[in-house]
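Student: Have a look at this one.
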Amino acid sequence: MVITERKKLITITPLGTVVYNMARDKATSNEDLLTAMRRVPMVTVDGKGGLQVKGSRNFSVYLNGKPFRSATQNPTEVLASIPATSVEKVEIITSPDASFETDSGSIIINIITNRKKLDGYSIRTSLEATTLPGINALLSMILVKGKFKLSTIYNYQLDAQKGQTLGLRRDVKHNNSKSEFATTSEVGGKTHLNIGRVLAEYEIDSLNTIYADVHINSLLINSLLKGTQAFSLNNETQKNINISNRTKTNEAALESNLLFRHLTKNNINKLTLGYRFSYSPDVRNYEVSTEQNGQWHYIKNQSNGGLQEHTFNGDILLFNNSAFTIKGGVLDVLRYAKANPYYYSKNNVKDNWKRHEVEGRNKLVQWFNAIAGYINVSYEWRNIALNVGSRAEYTTSQITLEHNRPSVKTKYFNIVPRTSLSLSPTKTSQISLSYYYGIIRPSIWSINPFWEQKDDYNVSFGNHKLRYASENALSLGIMFYGNKYFTNITADYKYTKHPIISHYWIEGNNTKTLFNSFINGTSEQILKLSSMMNYRPTNWVSFNIYGDVAKYRFEQTKEDTKVALSYNVYSSIDVTLPYNIYFGIMYSYMHQPPIFQVYYGHDHNYSLYATKSFFNSFFNVTLVTQCPFKKYIKFTETIEGNDFKQYRWNNIKAFYVGLKLTLNFNNGEKVKLERNLSLKQNDLDHATGVQ
């Protein structure tokens with residue numbers, strides 16, 4: 001970082017949104033957005049690229065004020081595909097108002113892309129290779145010509161693993177029976193990720209703008225697991241089985257937006273009309289071959305389906321002056337989801353696959369419609385800001401299964417309130433209190449009845465009878481910053497009614513198979529204390545440290561309640577040296593937050609990175625190494641039920657060295673970056689649509 005004053009990079013709006021001015025951070029000239037997010041307040045990015053906000057993975061990503069679904073589902077991959085130079089600002093919205101969709105999560109990362117910076121074109125290309133092995137190639141272009149702006153990005157990522165070892169041990173005591181199951185395996189394979197993005201904007205005149213974008217990403221996973229399994233019942237002789245498991249999945253997404261925006265004569269957003277389409281296919285293919293005493297058996301499970309979503313929305317500014325802002329809007333979301341599971345088996349590798357019709361595990365179709373309207377009022381007076389909003393939602397859902405089974409129909413109406421209050425004792429400090437209410441709806445992946453059976457010992461499937469969960473969140477925080485520091489201390493409490501949880505159990509007299517599906521629990525409570533600090537004693541060194549401690553309470557029934565503690569630490573140092581040299585060190589001691597029945601072990605991770613820029617950032621070289629003194633990262637997972645306990649570990653290759661080369665081309669005249677008041681960082685702008 002080479003900006004002398006911290007205040008030039010960070011601002012805090014009266015309503016508590018933290019804005020990081022990415023365009024003013026010179027270090028981003030050769031970085032992708034995921035890497036640059038390390039310096040955004042309240043955000044941590046670990047060595048594996050895992051992104052958290054205030055220590056939570058429960059956040060949503062927005063692009064210029066509208067949901068960016070593919071980035072929410074795959075933040076690591078998608079943000080790594082965006083050049084940081086194409087981003088003007090990043091907003092961390094910890095108190096979303098009523099204009100945000102209720103299933104967006106209680107924290108929003110809003111990425112605002114650059115407006116005019118040149119009249120011509122800018123091209124950026126980079127190639128990175130690692131010893132993992134892995135490849136990351138990027139090509140991006142921005143074209144600005146008069147009133148027309150076009151931005152395109154293509155990114156390809158290859159990740160390969162060889163010799164990745166994993167193991168499992170399960171002890172069961174059920175219905176006077178005792179069994180033990182253990183497995184040791186080695187897995188290898190490749191993942192291919194392709195990301196494409198096109199954004200276009202045309203200014204009809206000074207008051208009217210049309211915007212359109214298309215986002216496509218496709219993740220192809222092809223892995224092969226080989227290992228041995230051992231099972232014993234009531235201390236009898238173990239049964240040893242050789243297993244080979246081939247997994248092929250295609251996790252893809254397509255989404256597009258079309259928006260019309262009308263401004264007032266004062267350049268304030270007056271009306272936004274928009275349409276969004278998204279499609280996420282659900283394609284899975286599992287082939288398992290097992291051998292016991294010379295006898296082979298082959299099974300294959302497939303699922304073909306996906307989710308389509310059509311969204312129509314309108315936002316309108318009803319009233320605005322120096323103190324009051326009143327806005328409202330309507331939204332209609334129509335979703336169509338289908339799942340087509342298929343099951344096959346054979347006893348000889350040369351035989352044809354025999355298809356099986358399994359009652360209750362075949363085709364599923366869902367029609368879903370949510371109609372909503374909202375109104376939001378914000379008021380600012382001196383050093384006090386108040387935001388109050390409410391959203392009314394009417395939702396209908398119908399799920400139909402094959403075999404003439406009765407449809408599952410649900411209808412519900414919700415009033416969704418949002419409010420926040422902030423006090424700024426000084427120009428560089430703020431105390432905020434906020435309340436958030438949200439709806440968490442089951443996805444096609446959790447209701448899909450697809451019977452995922454990779455062997456005789458593990459079975460998982462979706463639950464089409466899931467209902468929505470409701471989330472209440474209360475947050476109290478304090479932020480203060482100066483030229484050399486930024487500090488945020490927050491206490492968060494979250495209560496979720498009927499949470500959608502992954503549930504494990506042993507069924508009947510069968511102690512061999514562990515079943516897994518989704519259910520609605522009774523409640524989930526989380527109390528978290530977190531603190532983040534950035535300190536810059538000089539303009540060439542920056543220190544970051546984050547820590548949190550949380551208590552989780554899960555209640556499936558009054559008789560089945562579990563309590564867990566969680567804590568994380570993250571730290572980094574970034575240094576700027578003469579001759580355009582940057583380097584940094586990152587260390588994290590973090591883990592996934594616990595869920596009902598499931599607890600994860602902590603993971604030590606550290607990395608070093610250095611960048612040298614040449615010819616005024618035209619050519620850049622970056623060297624990265626992760627865990628140079630550590631061969632593997634060991635992930636551990638413990639699952640506990642009333643009559644079983646399972647421990648699983650996975651060794652993933654940790655140490656790697658990567659080299660990244662970046663070229664930047666520009667042609668055209670630089671133009672002044674005009675300040676459009678519709679981008680003003682206050683509550684009004686969170687519903688203005690794509691900027």
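Here, A, B, ... name the chains of the structure tokens in the order displayed, residue numbers run from 1 inside each chain, and ligands are numbered from 1 in the same displayed order.
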Please report, as CSV, each residue of segment 624-662 of chain A lying at most 12 Å from segment 41-50 of chain A, together with the nearest pair of atoms and the separation in Å rounded to one decimal; use only C-alpha atoms, and order rows by chain and ascending residue number.

Tutor:
```
residue,atom,partner,partner_atom,distance
A:Val624,CA,A:Gly47,CA,10.5
A:Thr625,CA,A:Gly47,CA,9.7
A:Gln626,CA,A:Gly47,CA,7.1
A:Cys627,CA,A:Gly47,CA,8.7
A:Ile633,CA,A:Lys48,CA,10.2
A:Ile652,CA,A:Lys48,CA,11.0
A:Lys653,CA,A:Lys48,CA,11.2
A:Ala654,CA,A:Lys48,CA,9.2
A:Phe655,CA,A:Gly47,CA,10.9
A:Tyr656,CA,A:Gly47,CA,11.3
```

Student: Restrict the selected residues to C-alpha atoms and save them as a PDB file, in the first residue's frame.

Tutor:
```pdb
ATOM      1  CA  VAL A 624       3.772 -16.794  -3.959  1.00  0.00           C
ATOM      2  CA  THR A 625       4.581 -19.672  -1.653  1.00  0.00           C
ATOM      3  CA  GLN A 626       2.229 -21.357   0.787  1.00  0.00           C
ATOM      4  CA  CYS A 627       3.295 -23.327   3.848  1.00  0.00           C
ATOM      5  CA  ILE A 633      -2.842 -29.304   5.583  1.00  0.00           C
ATOM      6  CA  ILE A 652      -4.420 -31.936   1.277  1.00  0.00           C
ATOM      7  CA  LYS A 653      -1.139 -30.856  -0.235  1.00  0.00           C
ATOM      8  CA  ALA A 654      -0.131 -27.624   1.459  1.00  0.00           C
ATOM      9  CA  PHE A 655       3.233 -26.537   0.132  1.00  0.00           C
ATOM     10  CA  TYR A 656       3.385 -24.958  -3.282  1.00  0.00           C
TER      11      TYR A 656
END
```

Student: Using only C-alpha atoms, tabulate the residues of segment 60-87 of chain A lying at most 12 Å from any atom of segment 136-155 of chain A, each with its closest atom pair and that distance in Å to one decimal, by chain and increasing residue number, as CSV.

Tutor:
```
residue,atom,partner,partner_atom,distance
A:Glu77,CA,A:Asn155,CA,9.5
A:Val78,CA,A:Asn155,CA,9.0
A:Leu79,CA,A:Asn155,CA,10.7
A:Ala80,CA,A:Asn155,CA,8.9
A:Ser81,CA,A:Asn155,CA,5.7
A:Ile82,CA,A:Ile153,CA,7.5
A:Pro83,CA,A:Ser140,CA,7.8
A:Ala84,CA,A:Ser140,CA,11.2
A:Thr85,CA,A:Ile142,CA,10.5
A:Ser86,CA,A:Ile142,CA,8.2
A:Val87,CA,A:Ser151,CA,11.5
```

Student: Set the distance at 7 Å and use only C-alpha atoms: which residues neighbour Thr130 of chain A once local chain neighbours fewer than 4 positions away are removed? I'd like the list as a PyMOL selection string.

Tutor: chain A and resi 134-135+656-659

Student: Counting only C-alpha atoms, what is within 8 Å of Ser446 of chain A, bar same-chain residues fewer than 4 positions away, as a PyMOL selection string?

Tutor: chain A and resi 442+461-464+518

Student: List the neighbours of segment 533-539 of chain A out to 12 Å using only C-alpha atoms; skip same-chain residues closer than 6 positions along the sequence, and give me the result as a ChimeraX atom specification.

Tutor: /A:1-7,10,38-44,54,478-490,545-547,569-578

Student: Excluding Phe368 of chain A and residues on its chain fewer than 5 positions from it, collect all residues at most 6 Å away from it, counting only C-alpha atoms, and give them as a PyMOL selection string.

Tutor: chain A and resi 334-335+396-397

Student: How about saving the chosen residues, all heavy atoms kept, as a PDB file, in the first residue's frame?

Tutor:
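Output file selection.pdb is given in full below:
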```pdb
ATOM      1  N   LEU A 334     -39.756 -15.705  -9.471  1.00  0.00           N
ATOM      2  CA  LEU A 334     -40.346 -16.960  -9.923  1.00  0.00           C
ATOM      3  C   LEU A 334     -39.229 -17.969 -10.152  1.00  0.00           C
ATOM      4  O   LEU A 334     -38.305 -17.713 -10.921  1.00  0.00           O
ATOM      5  CB  LEU A 334     -41.137 -16.749 -11.215  1.00  0.00           C
ATOM      6  CG  LEU A 334     -41.738 -18.009 -11.861  1.00  0.00           C
ATOM      7  CD1 LEU A 334     -42.778 -18.638 -10.941  1.00  0.00           C
ATOM      8  CD2 LEU A 334     -42.338 -17.681 -13.216  1.00  0.00           C
ATOM      9  N   ARG A 335     -39.335 -19.114  -9.479  1.00  0.00           N
ATOM     10  CA  ARG A 335     -38.315 -20.155  -9.599  1.00  0.00           C
ATOM     11  C   ARG A 335     -38.951 -21.461 -10.077  1.00  0.00           C
ATOM     12  O   ARG A 335     -40.036 -21.844  -9.627  1.00  0.00           O
ATOM     13  CB  ARG A 335     -37.618 -20.399  -8.258  1.00  0.00           C
ATOM     14  CG  ARG A 335     -36.800 -19.226  -7.767  1.00  0.00           C
ATOM     15  CD  ARG A 335     -36.253 -19.469  -6.377  1.00  0.00           C
ATOM     16  NE  ARG A 335     -35.478 -18.326  -5.909  1.00  0.00           N
ATOM     17  CZ  ARG A 335     -35.057 -18.173  -4.652  1.00  0.00           C
ATOM     18  NH1 ARG A 335     -35.318 -19.100  -3.750  1.00  0.00           N
ATOM     19  NH2 ARG A 335     -34.361 -17.109  -4.309  1.00  0.00           N
ATOM     20  N   THR A 396     -45.480 -18.689  -2.300  1.00  0.00           N
ATOM     21  CA  THR A 396     -46.141 -19.966  -2.554  1.00  0.00           C
ATOM     22  C   THR A 396     -45.120 -20.935  -3.139  1.00  0.00           C
ATOM     23  O   THR A 396     -44.230 -20.555  -3.899  1.00  0.00           O
ATOM     24  CB  THR A 396     -47.312 -19.813  -3.551  1.00  0.00           C
ATOM     25  OG1 THR A 396     -46.814 -19.295  -4.789  1.00  0.00           O
ATOM     26  CG2 THR A 396     -48.367 -18.877  -3.001  1.00  0.00           C
ATOM     27  N   SER A 397     -45.250 -22.199  -2.768  1.00  0.00           N
ATOM     28  CA  SER A 397     -44.329 -23.223  -3.256  1.00  0.00           C
ATOM     29  C   SER A 397     -45.095 -24.526  -3.432  1.00  0.00           C
ATOM     30  O   SER A 397     -45.927 -24.888  -2.593  1.00  0.00           O
ATOM     31  CB  SER A 397     -43.170 -23.421  -2.280  1.00  0.00           C
ATOM     32  OG  SER A 397     -42.352 -24.513  -2.674  1.00  0.00           O
TER      33      SER A 397
END
```

Student: Find the spatial neighbours of Asp159 of chain A, counting only C-alpha atoms, within a cut-off of 12 Å - ignore same-chain residues fewer than 3 positions away - and output them as a list of chain:residue names.

Tutor: A:Glu77, A:Glu128, A:Ala129, A:Thr130, A:Thr131, A:Leu132, A:Pro133, A:Gly134, A:Ile135, A:Asn136, A:Tyr156, A:Lys162, A:Gly188, A:Gly189, A:Lys190, A:Thr191, A:His192, A:Leu193, A:Asn194, A:Leu219, A:Leu220, A:Ile221, A:Asn222, A:Ser223, A:Lys653

Student: If you run DSSP over the backbone, which residues in segment 374-546 of chain A end up alpha helix (DSSP H)? Put them as a list in words.

Tutor: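 So, restricting segment 374-546 of chain A to alpha helix (DSSP H), we get Ile444, Trp445, Ser446 and Ile447 of chain A.
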
Student: If I take atom CA of Ser322 of chain A and atom CA of Leu15 of chain A, how far is one from the other in Å, to one decimal?

Tutor: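 We find that atom CA of Ser322 of chain A and atom CA of Leu15 of chain A lie 14.5 Å from each other.
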
Student: When distances are computed from only C-alpha atoms, which of A:Gln229, A:Asn64, A:Asp97, A:Asn580 shows the smallest separation from Leu386 of chain A?

Tutor: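 Of the candidates, the smallest distance to Leu386 of chain A is held by A:Asp97.
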
Student: List every residue of segment 79-113 of chain A that has an atom at most 9 Å from any atom of segment 468-475 of chain A, giving for each one its closest atom pair and the distance in Å to one decimal, counting only C-alpha atoms, sorted by chain and then by ascending residue number, as JSON lines.

Tutor:
```
{"residue": "A:Thr94", "atom": "CA", "partner": "A:Ser475", "partner_atom": "CA", "distance": 8.8}
{"residue": "A:Ser95", "atom": "CA", "partner": "A:Ser475", "partner_atom": "CA", "distance": 8.7}
{"residue": "A:Ser106", "atom": "CA", "partner": "A:Ala473", "partner_atom": "CA", "distance": 7.5}
```

Student: Go through A:Gln592, A:Ser502, A:Thr513, A:Asn285 one by one, measure the shortest atom-to-atom distance of each to Asn458 of chain A using only C-alpha atoms, and give the residue with the smallest value.

Tutor: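 The shortest atom-to-atom distance to Asn458 of chain A comes from A:Thr513.
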
Student: Find the residue from A:Pro281, A:Gly167, A:Gly373, A:Gly584 that sits nearest to Leu225 of chain A; use only C-alpha atoms when measuring.

Tutor: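 Under the stated criterion, the closest residue is A:Gly167.
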
Student: Which distance in Å separates atom CA of Val459 of chain A and atom CA of Asn58 of chain A, to one decimal?

Tutor: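 Taking atom CA of Val459 of chain A as the start and atom CA of Asn58 of chain A as the end point, the length is 27.0 Å.
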
Student: Please measure the separation of atom CA of Thr622 of chain A and atom CA of Asp25 of chain A, giving the value in Å to one decimal.

Tutor: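 The value is 17.5 Å.
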
Student: Taking the DSSP secondary structure from the backbone, can you list the residues of segment 361-540 of chain A that are strand (DSSP E), as a ChimeraX atom specification?

Tutor: /A:364-381,384-401,408-423,429-440,452-453,458-460,469-481,485-497,500-507,510-520,523-538

Student: For Pro67 of chain A, which residue out of A:Gln295, A:Thr311, A:Asn267, A:Ser185 is the nearest one, using only C-alpha atoms?

Tutor: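 The shortest atom-to-atom distance to Pro67 of chain A comes from A:Thr311.
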
Student: Measuring atom to atom with only C-alpha atoms, identify which of A:Gln366, A:Ser29, A:Ser407, A:Thr237 is nearest to Ile447 of chain A.

Tutor: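 Looking only at the distances to Ile447 of chain A, the closest residue turns out to be A:Gln366.
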